[in-house]
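File shown: entry.cif. Contents: mmCIF, C-alpha atoms.
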data_final
#
loop_
_atom_site.label_atom_id
_atom_site.label_comp_id
_atom_site.auth_asym_id
_atom_site.auth_seq_id
_atom_site.Cartn_x
_atom_site.Cartn_y
_atom_site.Cartn_z
CA MET A 194 0.00 0.00 0.00
CA LYS A 195 2.84 2.41 0.82
CA LEU A 196 4.46 1.76 -2.58
CA ALA A 197 1.24 2.59 -4.44
CA SER A 198 0.93 5.82 -2.45
CA LYS A 199 4.51 6.81 -3.29
CA ARG A 200 3.90 6.04 -6.97
CA ARG A 201 0.79 8.20 -6.99
CA THR A 202 2.75 11.03 -5.39
CA GLY A 203 5.49 10.63 -7.99
CA VAL A 204 2.96 10.65 -10.82
CA VAL A 205 1.27 13.77 -9.44
CA VAL A 206 4.62 15.58 -9.15
CA ALA A 207 5.55 14.53 -12.70
CA VAL A 208 2.22 15.64 -14.16
CA LEU A 209 2.28 18.99 -12.36
CA SER A 210 5.88 19.56 -13.45
CA GLY A 211 4.96 18.76 -17.04
CA LEU A 212 2.00 21.13 -16.96
CA ALA A 213 4.12 23.91 -15.49
CA LEU A 214 6.78 23.34 -18.13
CA ALA A 215 4.19 23.30 -20.93
CA MET A 216 2.65 26.55 -19.71
CA THR A 217 6.00 28.31 -19.44
CA SER A 218 7.17 26.90 -22.78
CA THR A 219 4.11 28.30 -24.52
CA SER A 220 4.58 31.80 -23.11
CA ALA A 221 8.35 31.73 -23.63
CA THR A 222 8.00 30.64 -27.25
CA ALA A 223 5.71 33.56 -27.96
CA ALA A 224 8.33 35.97 -26.62
CA THR A 225 11.37 34.52 -28.46
CA ASP A 226 12.17 32.97 -31.80
CA GLY A 227 14.89 30.57 -30.63
CA PRO A 228 14.75 27.23 -28.85
CA ASP A 229 14.33 27.04 -25.09
CA VAL A 230 17.45 26.39 -23.05
CA ILE A 231 16.91 23.77 -20.34
CA ALA A 232 19.57 23.51 -17.64
CA HIS A 233 19.83 19.80 -16.85
CA ARG A 234 20.10 19.37 -13.06
CA GLY A 235 20.93 23.07 -13.01
CA SER A 236 24.10 24.08 -14.77
CA SER A 237 25.50 20.62 -14.04
CA GLY A 238 28.43 20.88 -16.43
CA MET A 239 29.85 23.79 -14.46
CA ALA A 240 28.66 23.14 -10.88
CA PRO A 241 27.71 20.05 -8.86
CA GLU A 242 24.37 18.78 -10.15
CA ASN A 243 21.13 19.57 -8.34
CA THR A 244 22.77 21.94 -5.83
CA ALA A 245 22.04 25.59 -5.12
CA ALA A 246 25.27 26.46 -6.95
CA ALA A 247 24.06 24.69 -10.11
CA ILE A 248 20.57 26.23 -9.91
CA ASP A 249 21.94 29.74 -9.30
CA LEU A 250 24.44 29.39 -12.14
CA ALA A 251 21.68 28.28 -14.54
CA VAL A 252 19.66 31.36 -13.58
CA HIS A 253 22.74 33.57 -14.02
CA GLN A 254 23.34 31.99 -17.44
CA ARG A 255 19.73 32.86 -18.34
CA ALA A 256 18.47 29.32 -18.89
CA ASP A 257 14.78 29.26 -19.80
CA HIS A 258 14.10 26.26 -17.56
CA VAL A 259 15.86 24.32 -14.82
CA GLU A 260 15.28 20.55 -14.84
CA ILE A 261 15.53 18.95 -11.41
CA ASP A 262 15.04 15.56 -9.77
CA VAL A 263 12.91 15.13 -6.67
CA GLN A 264 13.03 12.32 -4.11
CA ARG A 265 11.43 11.79 -0.71
CA THR A 266 13.49 11.26 2.45
CA LYS A 267 12.65 8.77 5.19
CA ASP A 268 10.81 11.52 7.09
CA GLY A 269 8.89 12.77 4.04
CA LYS A 270 10.96 15.80 3.01
CA LEU A 271 11.20 16.38 -0.76
CA ILE A 272 14.81 16.91 -1.82
CA ASN A 273 16.54 17.78 -5.07
CA PHE A 274 18.62 14.69 -5.85
CA HIS A 275 18.98 12.50 -8.93
CA ASP A 276 20.48 9.12 -8.06
CA CYS A 277 18.62 6.48 -6.04
CA THR A 278 21.76 6.09 -3.92
CA MET A 279 24.11 8.82 -2.79
CA GLU A 280 27.61 7.37 -3.09
CA ARG A 281 28.43 8.95 -6.47
CA THR A 282 27.95 12.61 -5.53
CA THR A 283 28.26 12.84 -1.73
CA ASN A 284 30.46 11.82 1.17
CA ILE A 285 27.73 9.61 2.65
CA GLU A 286 30.00 6.57 3.06
CA ASP A 287 32.40 8.64 5.15
CA LEU A 288 29.68 10.15 7.35
CA TYR A 289 27.62 6.97 7.78
CA PRO A 290 30.05 4.06 7.22
CA ASP A 291 28.01 1.43 9.04
CA ARG A 292 24.73 1.83 7.14
CA PRO A 293 23.70 -1.18 5.02
CA HIS A 294 22.21 0.99 2.21
CA TYR A 295 22.66 4.52 0.93
CA ARG A 296 19.24 5.16 -0.63
CA VAL A 297 17.73 8.60 -0.18
CA SER A 298 14.64 7.02 1.36
CA ASP A 299 16.72 5.39 4.12
CA PHE A 300 17.82 8.73 5.61
CA THR A 301 16.08 11.64 7.30
CA TRP A 302 16.46 15.19 6.02
CA ASN A 303 18.52 16.04 9.10
CA GLU A 304 21.01 13.29 8.20
CA LEU A 305 21.17 14.23 4.51
CA SER A 306 21.53 17.95 5.19
CA ARG A 307 24.99 17.24 6.66
CA LEU A 308 26.38 15.74 3.43
CA ASP A 309 28.97 17.38 1.21
CA ALA A 310 27.50 17.27 -2.31
CA GLY A 311 30.18 19.38 -3.99
CA THR A 312 33.69 18.05 -3.41
CA TRP A 313 33.20 15.16 -5.88
CA PHE A 314 32.78 17.79 -8.60
CA HIS A 315 35.64 20.14 -7.65
CA HIS A 316 37.33 21.23 -4.43
CA THR A 317 36.00 24.78 -4.89
CA TYR A 318 32.53 23.38 -4.19
CA ALA A 319 33.50 21.68 -0.93
CA ASP A 320 30.62 21.70 1.57
CA GLU A 321 27.96 22.43 -1.07
CA ARG A 322 24.83 20.86 0.38
CA ILE A 323 21.87 18.89 -0.90
CA ILE A 324 18.86 21.18 -1.12
CA THR A 325 15.13 20.69 -0.71
CA LEU A 326 12.45 21.29 -3.32
CA ASP A 327 11.43 24.35 -1.30
CA ASP A 328 15.01 25.66 -1.64
CA VAL A 329 14.88 25.22 -5.42
CA ILE A 330 11.62 27.14 -5.60
CA HIS A 331 13.14 29.90 -3.46
CA HIS A 332 16.15 30.17 -5.80
CA ILE A 333 14.03 30.53 -8.94
CA GLN A 334 10.87 32.24 -7.72
CA HIS A 335 11.89 35.76 -8.75
CA THR A 336 13.26 34.78 -12.14
CA ARG A 337 11.62 34.85 -15.52
#
Let me see whether you can do it: turn the structure in this file into structure tokens.
Amino acid sequence: MKLASKRRTGVVVAVLSGLALAMTSTSATAATDGPDVIAHRGSSGMAPENTAAAIDLAVHQRADHVEIDVQRTKDGKLINFHDCTMERTTNIEDLYPDRPHYRVSDFTWNELSRLDAGTWFHHTYADERIITLDDVIHHIQHTR
């Protein structure tokens, strides 16, 4: 039953995201003649993906849209994170070496908020943190 509920939530988020994108694409197309620029996971080629640094850089670079990934933590917080597990882009194995799994859904927001999500990309992004969906909205809410 829990799995079906999570799937429904995921479907609702996907549908709402698609509708929002379609609505903004329509109005943006009317204002410009060129293609829309979509920043994948923020400006992920120049900053650690799905972090505030990547979102802010995409906005600074005037991307038309910012594509993000949303997952739910163990305590129900929606975070901006792509992979199902966190070993590739965080220091989770160093902080929690005795955990049997490193899935987002196995950790609380308090635990995940301590992770370094930037050093893997470049040392200048050391201590860049995972951000919540609310944080993403805050970073883009006053943009075009």
Restricting the calculation to only C-alpha atoms: of A:Val263, A:Ala256, A:Met279, A:Val329, which residue gets closest to Leu308 in chain A?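 Of A:Val263, A:Ala256, A:Met279, A:Val329, the one nearest Leu308 in chain A, counting only C-alpha atoms, is A:Met279.
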Atomic separation - CA of Ala245 in chain A relative to CA of Ile323 in chain A, Å: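 Between CA of Ile323 in chain A and CA of Ala245 in chain A the gap is 7.9 Å.
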Tell me which residues the PyMOL selection byres ((chain A and resi 235) around 10) grabs here, as a ChimeraX atom specification. /A:231-234,236-252,256,258-261,329
Write out the residues from the selection above, keeping C-alpha atoms, as a compact mmCIF listing (two decimals), in the coordinates of the input.
# COMPACT_ATOMS: atom_id res chain seq x y z
CA ILE A 231 16.91 23.77 -20.34
CA ALA A 232 19.57 23.51 -17.64
CA HIS A 233 19.83 19.80 -16.85
CA ARG A 234 20.10 19.37 -13.06
CA SER A 236 24.10 24.08 -14.77
CA SER A 237 25.50 20.62 -14.04
CA GLY A 238 28.43 20.88 -16.43
CA MET A 239 29.85 23.79 -14.46
CA ALA A 240 28.66 23.14 -10.88
CA PRO A 241 27.71 20.05 -8.86
CA GLU A 242 24.37 18.78 -10.15
CA ASN A 243 21.13 19.57 -8.34
CA THR A 244 22.77 21.94 -5.83
CA ALA A 245 22.04 25.59 -5.12
CA ALA A 246 25.27 26.46 -6.95
CA ALA A 247 24.06 24.69 -10.11
CA ILE A 248 20.57 26.23 -9.91
CA ASP A 249 21.94 29.74 -9.30
CA LEU A 250 24.44 29.39 -12.14
CA ALA A 251 21.68 28.28 -14.54
CA VAL A 252 19.66 31.36 -13.58
CA ALA A 256 18.47 29.32 -18.89
CA HIS A 258 14.10 26.26 -17.56
CA VAL A 259 15.86 24.32 -14.82
CA GLU A 260 15.28 20.55 -14.84
CA ILE A 261 15.53 18.95 -11.41
CA VAL A 329 14.88 25.22 -5.42
From the options A:Ile333, A:Glu280, A:Ser298, A:Arg255, which residue's atoms come nearest to Asp268 in chain A, counting all atoms listed in the file? A:Ser298
What do you get, as a VMD selection string, if you spell out every residue that the PyMOL selection byres ((chain A and resi 312) around 12) selects here? chain A and resid 240 to 242 244 281 to 285 308 to 311 313 to 322
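Proximity to Asp299 in chain A was assessed for A:Lys267, A:Gln254, A:Ile330, A:Asn273 counting all atoms listed in the file; the smallest distance is recorded for A:Lys267.
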Quick check on the file I pasted: which residues fall under the PyMOL selection byres ((chain A and resi 275) around 6)? Write them as a PyMOL selection string. chain A and resi 262+274+276
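Across the model, the gap from CA of His253 in chain A to CA of Lys270 in chain A is 27.3 Å.
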